[in-house]
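Data file: start21.txt. Format and content: compact mmCIF, C-alpha atoms (C1' of nucleotides).
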```
# COMPACT_ATOMS: atom_id res chain seq x y z
CA MET H 1 1.30 -19.10 -15.75
CA LEU H 2 2.22 -16.16 -13.58
CA THR H 3 2.73 -17.10 -9.95
CA GLU H 4 1.42 -14.98 -7.11
CA GLN H 5 4.91 -14.01 -6.06
CA ALA H 6 5.92 -13.04 -9.60
CA ALA H 7 2.78 -10.90 -9.89
CA ILE H 8 3.66 -9.05 -6.70
CA GLU H 9 7.21 -8.42 -7.91
CA LEU H 10 5.84 -7.14 -11.21
CA GLN H 11 3.62 -4.67 -9.34
CA GLU H 12 6.52 -3.43 -7.28
CA ASN H 13 8.62 -2.86 -10.38
CA LEU H 14 5.93 -1.18 -12.46
CA ARG H 15 5.00 1.03 -9.54
CA GLU H 16 8.19 3.01 -10.04
CA GLN H 17 6.84 4.35 -13.33
CA LEU H 18 3.75 5.83 -11.69
CA ILE H 19 3.11 9.53 -12.14
CA LEU H 20 0.79 10.98 -9.51
CA ARG H 21 0.69 14.51 -10.85
CA ASP H 22 -1.86 15.85 -13.31
CA GLN H 23 -0.55 15.07 -16.73
CA LEU H 24 -3.78 15.06 -18.69
CA PRO H 25 -5.40 17.61 -21.00
CA THR H 26 -6.87 20.58 -19.15
CA ASP H 27 -9.71 20.51 -21.65
CA LEU H 28 -10.87 16.91 -21.39
CA GLN H 29 -12.84 15.81 -24.42
CA LEU H 30 -13.03 12.03 -24.21
CA ILE H 31 -13.37 10.01 -21.02
CA ALA H 32 -13.67 6.23 -20.99
CA GLY H 33 -15.12 3.72 -18.57
CA VAL H 34 -13.92 0.12 -18.32
CA ASP H 35 -15.67 -2.80 -16.67
CA VAL H 36 -15.60 -6.58 -16.70
CA GLU H 37 -18.65 -8.84 -16.40
CA TYR H 38 -18.54 -12.40 -15.14
CA ASP H 39 -20.73 -15.28 -16.26
CA LYS H 40 -22.24 -17.16 -13.37
CA GLU H 41 -22.34 -20.50 -15.18
CA SER H 42 -18.96 -20.59 -16.90
CA ASP H 43 -15.52 -19.02 -16.71
CA LEU H 44 -16.33 -16.49 -19.41
CA ILE H 45 -15.66 -12.82 -18.83
CA ALA H 46 -16.60 -9.83 -20.94
CA GLY H 47 -14.52 -6.68 -20.92
CA ALA H 48 -15.96 -3.40 -22.13
CA ILE H 49 -14.55 0.03 -22.83
CA ALA H 50 -16.97 2.88 -23.48
CA VAL H 51 -15.59 6.23 -24.62
CA LEU H 52 -17.86 9.15 -23.78
CA ASP H 53 -17.87 12.81 -24.64
CA PHE H 54 -16.80 14.42 -21.37
CA HIS H 55 -19.42 17.15 -21.60
CA THR H 56 -22.44 15.52 -23.24
CA LEU H 57 -21.82 11.94 -22.00
CA GLU H 58 -22.64 10.74 -25.48
CA VAL H 59 -20.99 7.40 -26.34
CA LYS H 60 -18.40 8.09 -29.03
CA ALA H 61 -16.75 4.69 -29.25
CA LEU H 62 -17.18 1.22 -27.82
CA ALA H 63 -15.18 -2.00 -27.75
CA THR H 64 -15.81 -5.31 -26.03
CA HIS H 65 -14.11 -8.68 -25.81
CA VAL H 66 -15.19 -12.02 -24.38
CA MET H 67 -12.75 -14.72 -23.25
CA HIS H 68 -12.05 -17.23 -20.47
CA VAL H 69 -10.56 -16.07 -17.20
CA THR H 70 -6.87 -16.79 -16.85
CA PHE H 71 -6.16 -15.73 -13.28
CA PRO H 72 -8.00 -16.32 -9.97
CA TYR H 73 -9.51 -13.58 -7.88
CA ILE H 74 -6.95 -12.60 -5.28
CA PRO H 75 -7.47 -9.29 -3.46
CA GLY H 76 -4.46 -7.16 -4.29
CA LEU H 77 -3.83 -8.97 -7.58
CA PHE H 78 -7.07 -8.00 -9.19
CA SER H 79 -5.48 -6.42 -12.26
CA PHE H 80 -3.99 -9.74 -13.36
CA ARG H 81 -7.51 -11.09 -13.59
CA GLU H 82 -9.17 -8.24 -15.44
CA MET H 83 -6.40 -6.66 -17.52
CA PRO H 84 -6.13 -9.34 -20.25
CA VAL H 85 -9.70 -8.95 -21.43
CA LEU H 86 -9.49 -5.17 -21.20
CA LEU H 87 -6.31 -5.10 -23.28
CA GLU H 88 -8.01 -7.23 -25.95
CA ALA H 89 -10.93 -4.81 -26.01
CA TRP H 90 -8.48 -1.90 -26.18
CA LYS H 91 -7.02 -3.33 -29.41
CA LYS H 92 -10.46 -3.07 -31.00
CA LEU H 93 -11.07 0.48 -29.83
CA ALA H 94 -11.02 3.02 -32.65
CA LEU H 95 -10.95 6.16 -30.52
CA HIS H 96 -8.55 6.60 -27.62
CA PRO H 97 -9.72 8.63 -24.58
CA ASP H 98 -7.94 11.36 -22.62
CA LEU H 99 -8.68 9.55 -19.35
CA ILE H 100 -9.92 6.13 -18.25
CA VAL H 101 -12.15 5.54 -15.22
CA CYS H 102 -11.64 2.04 -13.79
CA ASP H 103 -14.01 0.01 -11.65
CA GLY H 104 -11.62 -0.81 -8.86
CA HIS H 105 -8.84 0.97 -7.04
CA GLY H 106 -5.63 2.65 -8.11
CA LEU H 107 -3.28 4.01 -5.44
CA ALA H 108 -5.61 2.83 -2.67
CA HIS H 109 -4.00 -0.59 -2.72
CA PRO H 110 -1.72 -2.48 -0.28
CA ARG H 111 1.26 -1.96 -2.58
CA ARG H 112 -0.12 1.26 -4.10
CA PHE H 113 -0.68 -0.45 -7.42
CA GLY H 114 -4.29 -1.34 -8.11
CA LEU H 115 -5.93 -2.02 -11.48
CA ALA H 116 -6.12 1.66 -12.42
CA CYS H 117 -2.36 2.10 -11.94
CA HIS H 118 -1.52 -1.06 -13.86
CA LEU H 119 -3.77 -0.19 -16.78
CA GLY H 120 -2.49 3.37 -16.89
CA ILE H 121 1.14 2.30 -17.02
CA VAL H 122 0.59 -0.40 -19.63
CA LEU H 123 -1.47 1.82 -21.94
CA ASP H 124 0.38 5.01 -21.00
CA ILE H 125 -2.92 6.83 -20.55
CA PRO H 126 -4.17 8.86 -17.56
CA THR H 127 -6.38 6.63 -15.37
CA LEU H 128 -8.24 6.80 -12.09
CA GLY H 129 -9.82 4.16 -9.88
CA CYS H 130 -13.36 4.35 -8.55
CA GLY H 131 -14.22 1.39 -6.33
CA LYS H 132 -17.54 0.60 -4.73
CA THR H 133 -16.05 -0.90 -1.57
CA ARG H 134 -12.88 -0.44 0.42
CA LEU H 135 -9.76 -2.46 -0.23
CA PHE H 136 -7.10 -0.46 1.57
CA GLY H 137 -6.90 2.64 3.74
CA ASP H 138 -8.65 4.07 6.78
CA TYR H 139 -11.10 6.95 6.88
CA GLU H 140 -13.40 8.86 9.19
CA PRO H 141 -17.17 9.04 8.72
CA LEU H 142 -18.18 11.63 6.13
CA ALA H 143 -21.15 13.98 5.85
CA GLU H 144 -24.30 12.91 4.05
CA ALA H 145 -24.34 15.69 1.47
CA ARG H 146 -23.38 15.05 -2.14
CA GLY H 147 -19.76 16.04 -2.64
CA SER H 148 -18.68 15.22 0.92
CA ILE H 149 -15.23 13.67 1.13
CA ALA H 150 -12.98 11.97 3.67
CA PRO H 151 -9.33 11.26 2.97
CA LEU H 152 -8.34 7.62 2.59
CA LEU H 153 -5.17 7.15 4.62
CA ALA H 154 -2.55 4.41 4.71
CA GLU H 155 -2.10 2.62 8.04
CA ASP H 156 0.42 5.13 9.29
CA ASN H 157 -2.32 7.74 8.84
CA LYS H 158 0.14 10.05 7.14
CA GLU H 159 0.04 9.06 3.51
CA GLN H 160 -3.17 9.84 1.65
CA VAL H 161 -3.96 7.23 -0.99
CA GLY H 162 -7.30 8.56 -2.17
CA ASN H 163 -10.65 9.97 -1.10
CA VAL H 164 -13.93 8.48 0.02
CA LEU H 165 -16.49 10.46 -1.94
CA ARG H 166 -20.24 10.76 -1.47
CA THR H 167 -21.58 11.18 -5.00
CA GLN H 168 -25.25 11.21 -3.97
CA ALA H 169 -26.77 12.49 -0.74
CA GLY H 170 -27.41 9.77 1.80
CA ILE H 171 -26.05 7.00 -0.41
CA ASN H 172 -22.94 4.91 0.20
CA PRO H 173 -19.79 6.68 -0.93
CA VAL H 174 -17.31 5.48 -3.56
CA PHE H 175 -13.54 5.15 -3.20
CA VAL H 176 -11.51 7.31 -5.55
CA SER H 177 -7.77 7.09 -6.12
CA PRO H 178 -5.31 8.02 -8.86
CA GLY H 179 -4.27 5.46 -11.40
CA HIS H 180 -1.65 7.22 -13.50
CA LYS H 181 -0.88 10.80 -14.55
CA ILE H 182 -3.51 12.32 -12.26
CA SER H 183 -3.68 13.73 -8.73
CA ILE H 184 -6.02 12.66 -5.94
CA ASP H 185 -7.88 15.96 -6.07
CA THR H 186 -8.41 15.97 -9.82
CA ALA H 187 -9.52 12.33 -9.79
CA THR H 188 -12.05 13.11 -7.07
CA GLU H 189 -13.33 16.17 -8.86
CA ILE H 190 -13.86 14.26 -12.10
CA VAL H 191 -15.68 11.35 -10.46
CA LEU H 192 -18.05 13.75 -8.73
CA LYS H 193 -18.76 15.44 -12.01
CA MET H 194 -19.36 12.15 -13.81
CA ALA H 195 -21.72 10.94 -11.08
CA ALA H 196 -24.21 13.79 -11.29
CA GLU H 197 -27.24 11.53 -11.36
CA TYR H 198 -26.26 8.18 -9.87
CA ARG H 199 -23.88 6.80 -7.29
CA LEU H 200 -21.42 5.55 -9.92
CA PRO H 201 -19.83 7.62 -12.67
CA GLU H 202 -21.60 7.46 -16.02
CA THR H 203 -18.48 5.96 -17.57
CA THR H 204 -18.68 2.92 -15.31
CA ARG H 205 -22.41 2.56 -15.84
CA LYS H 206 -22.04 2.60 -19.61
CA ALA H 207 -19.15 0.12 -19.61
CA ASP H 208 -21.12 -2.16 -17.30
CA HIS H 209 -24.13 -2.00 -19.59
CA TYR H 210 -22.25 -2.83 -22.78
CA GLY H 211 -20.19 -5.52 -21.11
CA ARG H 212 -23.33 -7.27 -19.94
CA GLU H 213 -24.78 -6.96 -23.43
CA ALA H 214 -21.61 -8.41 -24.99
CA MET H 215 -21.75 -11.42 -22.68
CA ILE H 216 -25.36 -12.14 -23.57
CA ALA H 217 -24.67 -11.81 -27.30
CA TYR H 218 -21.63 -14.05 -27.09
CA LYS H 219 -23.50 -16.78 -25.28
CA ALA H 220 -26.37 -16.60 -27.75
CA ASN H 221 -24.26 -16.80 -30.89
CA GLY H 222 -21.15 -18.63 -29.86
CA GLN H 223 -18.33 -17.27 -32.01
C1' DG N 1 -4.32 -17.16 15.95
C1' DC N 2 -7.85 -13.66 14.16
C1' DG N 3 -9.88 -10.43 10.98
C1' DA N 4 -9.73 -8.07 6.32
C1' DC N 5 -9.94 -8.91 1.70
C1' DA N 6 -11.30 -4.16 -5.36
C1' DG N 7 -14.43 -7.71 -8.87
C1' DA F 1 -18.66 -10.83 -9.94
C1' DT F 2 -23.23 -13.74 -9.16
C1' DC F 3 -27.91 -15.12 -6.54
C1' DT F 4 -32.65 -10.95 -7.09
C1' DT F 5 -38.60 -8.60 -5.64
C1' DG F 6 -40.63 -6.95 -2.66
C1' DT F 7 -40.09 -4.64 1.20
C1' DC F 8 -38.36 -2.12 5.23
C1' DG F 9 -37.29 2.53 6.74
C1' DC F 10 -36.58 7.62 6.51
```

Structure translated into structure tokens:
Amino acid sequence: MLTEQAAIELQENLREQLILRDQLPTDLQLIAGVDVEYDKESDLIAGAIAVLDFHTLEVKALATHVMHVTFPYIPGLFSFREMPVLLEAWKKLALHPDLIVCDGHGLAHPRRFGLACHLGIVLDIPTLGCGKTRLFGDYEPLAEARGSIAPLLAEDNKEQVGNVLRTQAGINPVFVSPGHKISIDTATEIVLKMAAEYRLPETTRKADHYGREAMIAYKANGQ
DNA sequence: GCGACAG
DNA sequence: ATCTTGTCGC
């Protein structure tokens, strides 16, 4: 199995392929959410990819996959834990999206290579990361209004790695950063648009829902 | 040595 | 991630 050191070297090599400029359709049609559920009483995980119509939020395609975890949870090496099951689900997906929203960080990572970056490079699809808690970067307090942002800055306080974004007034912000083929500003703009009603983008909420459902079904039927 | 640490 | 309903506070 992959050692921790080999995983870090892999990140540093793949990072060179990252594109942090907008290289996605200007007229987005399909936007996908990915999420992974964990079973509390076993080492099963369920990956889900939900492809939504960017404008109506209607689910246009769905794919899930259940398997055993193959890598421990190590902050900074998160993608090695969740990517395998997501790649298996991707193989089953009939409709490929213009952009993927990941539950976790992209550029806002100690080596600037979070799950969103890794998935974007491997699939060669535009991706962005939307995390619920901070992993890397410093930021100042932000206003309470929906749409308020604060830049997420690397330790030197010069390099911006993402934005802290308040998607709902008075509710904890989310952490947005580019994965691949997208800019910080565009990623932030899209997350705000996708989180019109709740704290998290609709893509993430749908993927979470179907992933949970897939886990329950798998445990009930075996397979 | 101490604190931080996506899901 | 998961444990989890009512309850505290604005």

If the cut-off is 12 Å, can you tell me the residues of chain N near chain H, counting only C-alpha atoms (C1' of nucleotides)? I'd like them as a PyMOL selection string. chain N and resi 4-7

File dump, residues just selected, C-alpha atoms (C1' of nucleotides), as a compact mmCIF listing (two decimals), in the frame of the given file:
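result.txt was written with the following content:
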```txt
# COMPACT_ATOMS: atom_id res chain seq x y z
C1' DA N 4 -9.73 -8.07 6.32
C1' DC N 5 -9.94 -8.91 1.70
C1' DA N 6 -11.30 -4.16 -5.36
C1' DG N 7 -14.43 -7.71 -8.87
```

Which residues come within 8 Å of Leu192 in chain H, counting only C-alpha atoms (C1' of nucleotides), excluding same-chain residues fewer than 4 positions away, as number ranges by chain? H: 147, 165, 167, 188, 196, 201

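The space between CA of Ala143 in chain H and CA of Thr26 in chain H spans 29.5 Å.
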
Within 12 Å of chain H, which residues of chain F are there when counting only C-alpha atoms (C1' of nucleotides)? Please give them as a CSV table (one decimal) with C-alpha atoms (C1' of nucleotides), keeping the file's coordinate frame.
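What follows is the written file selection-v9.csv:
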```csv
chain,number,residue,atom,x,y,z
F,1,DA,C1',-18.7,-10.8,-9.9
F,2,DT,C1',-23.2,-13.7,-9.2
F,3,DC,C1',-27.9,-15.1,-6.5
F,10,DC,C1',-36.6,7.6,6.5
```

For CA of Gln11 in chain H and CA of Gly33 in chain H, the interatomic separation in Å (one decimal): 22.5 Å

Please write as a PyMOL selection string the list of polymer residues whose atoms come within 12 Å of (-5.6, 6.7, 5.3), counting all atoms listed in the file and keeping to the coordinates of the file. chain H and resi 107-110+134-140+150-164+175+177

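The gap separating CA of Pro178 in chain H from CA of Ala195 in chain H is 16.8 Å, in Å to one decimal.
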
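Closest approach to Lys181 in chain H among H:Leu24, H:Ala61, H:Met194, H:Val69 is made by H:Leu24 (distances from all atoms listed in the file).
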
May I have the residues within 7 Å of Gly120 in chain H as a count of residues only, using only C-alpha atoms (C1' of nucleotides) and disregarding those fewer than 6 positions away in the same chain? 4

Within 10 Å of Leu93 in chain H, counting only C-alpha atoms (C1' of nucleotides), which residues show up once you throw out same-chain ones fewer than 2 positions away? Write them as a list in words, please. Ala48, Ile49, Ala50, Val51, Ala61, Leu62, Ala63, Thr64, Leu87, Glu88, Ala89, Trp90, Lys91, Leu95, His96 and Pro97 of chain H

Hey, could you patch up range 212-223 of chain H with all heavy atoms and hand it over as a PDB file, keeping the file's coordinate frame?
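selection27.pdb, written as the output of this step:
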```pdb
ATOM      1  N   ARG H 212     -22.259  -6.297 -20.203  1.00  0.00           N
ATOM      2  CA  ARG H 212     -23.330  -7.270 -19.940  1.00  0.00           C
ATOM      3  C   ARG H 212     -23.980  -7.688 -21.256  1.00  0.00           C
ATOM      4  O   ARG H 212     -24.249  -8.863 -21.499  1.00  0.00           O
ATOM      5  CB  ARG H 212     -24.355  -6.613 -19.006  1.00  0.00           C
ATOM      6  CG  ARG H 212     -25.524  -7.500 -18.656  1.00  0.00           C
ATOM      7  CD  ARG H 212     -26.313  -6.914 -17.480  1.00  0.00           C
ATOM      8  NE  ARG H 212     -25.807  -7.396 -16.211  1.00  0.00           N
ATOM      9  CZ  ARG H 212     -25.102  -6.677 -15.342  1.00  0.00           C
ATOM     10  NH1 ARG H 212     -24.821  -5.426 -15.605  1.00  0.00           N
ATOM     11  NH2 ARG H 212     -24.688  -7.210 -14.214  1.00  0.00           N
ATOM     12  N   GLU H 213     -24.178  -6.712 -22.123  1.00  0.00           N
ATOM     13  CA  GLU H 213     -24.780  -6.960 -23.430  1.00  0.00           C
ATOM     14  C   GLU H 213     -23.877  -7.873 -24.272  1.00  0.00           C
ATOM     15  O   GLU H 213     -24.348  -8.790 -24.942  1.00  0.00           O
ATOM     16  CB  GLU H 213     -24.951  -5.616 -24.141  1.00  0.00           C
ATOM     17  CG  GLU H 213     -26.102  -5.512 -25.073  1.00  0.00           C
ATOM     18  CD  GLU H 213     -26.309  -4.067 -25.530  1.00  0.00           C
ATOM     19  OE1 GLU H 213     -25.440  -3.536 -26.258  1.00  0.00           O
ATOM     20  OE2 GLU H 213     -27.319  -3.473 -25.141  1.00  0.00           O
ATOM     21  N   ALA H 214     -22.577  -7.620 -24.220  1.00  0.00           N
ATOM     22  CA  ALA H 214     -21.610  -8.410 -24.990  1.00  0.00           C
ATOM     23  C   ALA H 214     -21.611  -9.868 -24.523  1.00  0.00           C
ATOM     24  O   ALA H 214     -21.511 -10.794 -25.331  1.00  0.00           O
ATOM     25  CB  ALA H 214     -20.220  -7.807 -24.863  1.00  0.00           C
ATOM     26  N   MET H 215     -21.731 -10.060 -23.229  1.00  0.00           N
ATOM     27  CA  MET H 215     -21.750 -11.420 -22.680  1.00  0.00           C
ATOM     28  C   MET H 215     -22.978 -12.175 -23.169  1.00  0.00           C
ATOM     29  O   MET H 215     -22.903 -13.326 -23.595  1.00  0.00           O
ATOM     30  CB  MET H 215     -21.743 -11.356 -21.145  1.00  0.00           C
ATOM     31  CG  MET H 215     -21.830 -12.697 -20.469  1.00  0.00           C
ATOM     32  SD  MET H 215     -20.368 -13.720 -20.776  1.00  0.00           S
ATOM     33  CE  MET H 215     -19.274 -13.104 -19.481  1.00  0.00           C
ATOM     34  N   ILE H 216     -24.113 -11.521 -23.134  1.00  0.00           N
ATOM     35  CA  ILE H 216     -25.360 -12.140 -23.570  1.00  0.00           C
ATOM     36  C   ILE H 216     -25.281 -12.497 -25.057  1.00  0.00           C
ATOM     37  O   ILE H 216     -25.641 -13.605 -25.464  1.00  0.00           O
ATOM     38  CB  ILE H 216     -26.556 -11.191 -23.312  1.00  0.00           C
ATOM     39  CG1 ILE H 216     -26.774 -11.045 -21.809  1.00  0.00           C
ATOM     40  CG2 ILE H 216     -27.814 -11.695 -23.996  1.00  0.00           C
ATOM     41  CD1 ILE H 216     -27.763  -9.976 -21.409  1.00  0.00           C
ATOM     42  N   ALA H 217     -24.782 -11.574 -25.854  1.00  0.00           N
ATOM     43  CA  ALA H 217     -24.670 -11.810 -27.300  1.00  0.00           C
ATOM     44  C   ALA H 217     -23.716 -12.966 -27.582  1.00  0.00           C
ATOM     45  O   ALA H 217     -23.993 -13.823 -28.429  1.00  0.00           O
ATOM     46  CB  ALA H 217     -24.187 -10.540 -27.989  1.00  0.00           C
ATOM     47  N   TYR H 218     -22.623 -13.005 -26.874  1.00  0.00           N
ATOM     48  CA  TYR H 218     -21.630 -14.050 -27.090  1.00  0.00           C
ATOM     49  C   TYR H 218     -22.207 -15.426 -26.772  1.00  0.00           C
ATOM     50  O   TYR H 218     -22.025 -16.386 -27.512  1.00  0.00           O
ATOM     51  CB  TYR H 218     -20.402 -13.793 -26.212  1.00  0.00           C
ATOM     52  CG  TYR H 218     -19.273 -14.767 -26.431  1.00  0.00           C
ATOM     53  CD1 TYR H 218     -18.271 -14.505 -27.363  1.00  0.00           C
ATOM     54  CD2 TYR H 218     -19.215 -15.960 -25.711  1.00  0.00           C
ATOM     55  CE1 TYR H 218     -17.235 -15.401 -27.577  1.00  0.00           C
ATOM     56  CE2 TYR H 218     -18.186 -16.869 -25.916  1.00  0.00           C
ATOM     57  CZ  TYR H 218     -17.194 -16.578 -26.842  1.00  0.00           C
ATOM     58  OH  TYR H 218     -16.177 -17.473 -27.046  1.00  0.00           O
ATOM     59  N   LYS H 219     -22.922 -15.498 -25.689  1.00  0.00           N
ATOM     60  CA  LYS H 219     -23.500 -16.780 -25.280  1.00  0.00           C
ATOM     61  C   LYS H 219     -24.634 -17.221 -26.208  1.00  0.00           C
ATOM     62  O   LYS H 219     -24.908 -18.404 -26.359  1.00  0.00           O
ATOM     63  CB  LYS H 219     -24.020 -16.678 -23.838  1.00  0.00           C
ATOM     64  CG  LYS H 219     -22.893 -16.517 -22.832  1.00  0.00           C
ATOM     65  CD  LYS H 219     -23.414 -16.502 -21.414  1.00  0.00           C
ATOM     66  CE  LYS H 219     -23.909 -17.867 -20.998  1.00  0.00           C
ATOM     67  NZ  LYS H 219     -24.405 -17.861 -19.604  1.00  0.00           N
ATOM     68  N   ALA H 220     -25.275 -16.273 -26.844  1.00  0.00           N
ATOM     69  CA  ALA H 220     -26.370 -16.600 -27.750  1.00  0.00           C
ATOM     70  C   ALA H 220     -25.857 -17.066 -29.102  1.00  0.00           C
ATOM     71  O   ALA H 220     -26.407 -17.993 -29.710  1.00  0.00           O
ATOM     72  CB  ALA H 220     -27.271 -15.383 -27.923  1.00  0.00           C
ATOM     73  N   ASN H 221     -24.774 -16.477 -29.568  1.00  0.00           N
ATOM     74  CA  ASN H 221     -24.260 -16.800 -30.890  1.00  0.00           C
ATOM     75  C   ASN H 221     -23.067 -17.731 -30.924  1.00  0.00           C
ATOM     76  O   ASN H 221     -22.753 -18.309 -31.952  1.00  0.00           O
ATOM     77  CB  ASN H 221     -23.850 -15.506 -31.617  1.00  0.00           C
ATOM     78  CG  ASN H 221     -24.989 -14.526 -31.691  1.00  0.00           C
ATOM     79  OD1 ASN H 221     -26.121 -14.934 -31.945  1.00  0.00           O
ATOM     80  ND2 ASN H 221     -24.700 -13.267 -31.464  1.00  0.00           N
ATOM     81  N   GLY H 222     -22.392 -17.890 -29.829  1.00  0.00           N
ATOM     82  CA  GLY H 222     -21.150 -18.630 -29.860  1.00  0.00           C
ATOM     83  C   GLY H 222     -20.134 -17.674 -30.444  1.00  0.00           C
ATOM     84  O   GLY H 222     -20.122 -16.517 -30.084  1.00  0.00           O
ATOM     85  N   GLN H 223     -19.360 -18.053 -31.324  1.00  0.00           N
ATOM     86  CA  GLN H 223     -18.330 -17.270 -32.010  1.00  0.00           C
ATOM     87  C   GLN H 223     -17.013 -17.831 -31.542  1.00  0.00           C
ATOM     88  O   GLN H 223     -16.150 -17.246 -31.161  1.00  0.00           O
ATOM     89  CB  GLN H 223     -18.430 -15.765 -31.760  1.00  0.00           C
ATOM     90  CG  GLN H 223     -17.408 -15.008 -32.561  1.00  0.00           C
ATOM     91  CD  GLN H 223     -17.371 -13.514 -32.210  1.00  0.00           C
ATOM     92  OE1 GLN H 223     -16.332 -12.906 -32.249  1.00  0.00           O
ATOM     93  NE2 GLN H 223     -18.499 -12.931 -31.901  1.00  0.00           N
TER      94      GLN H 223
END
```
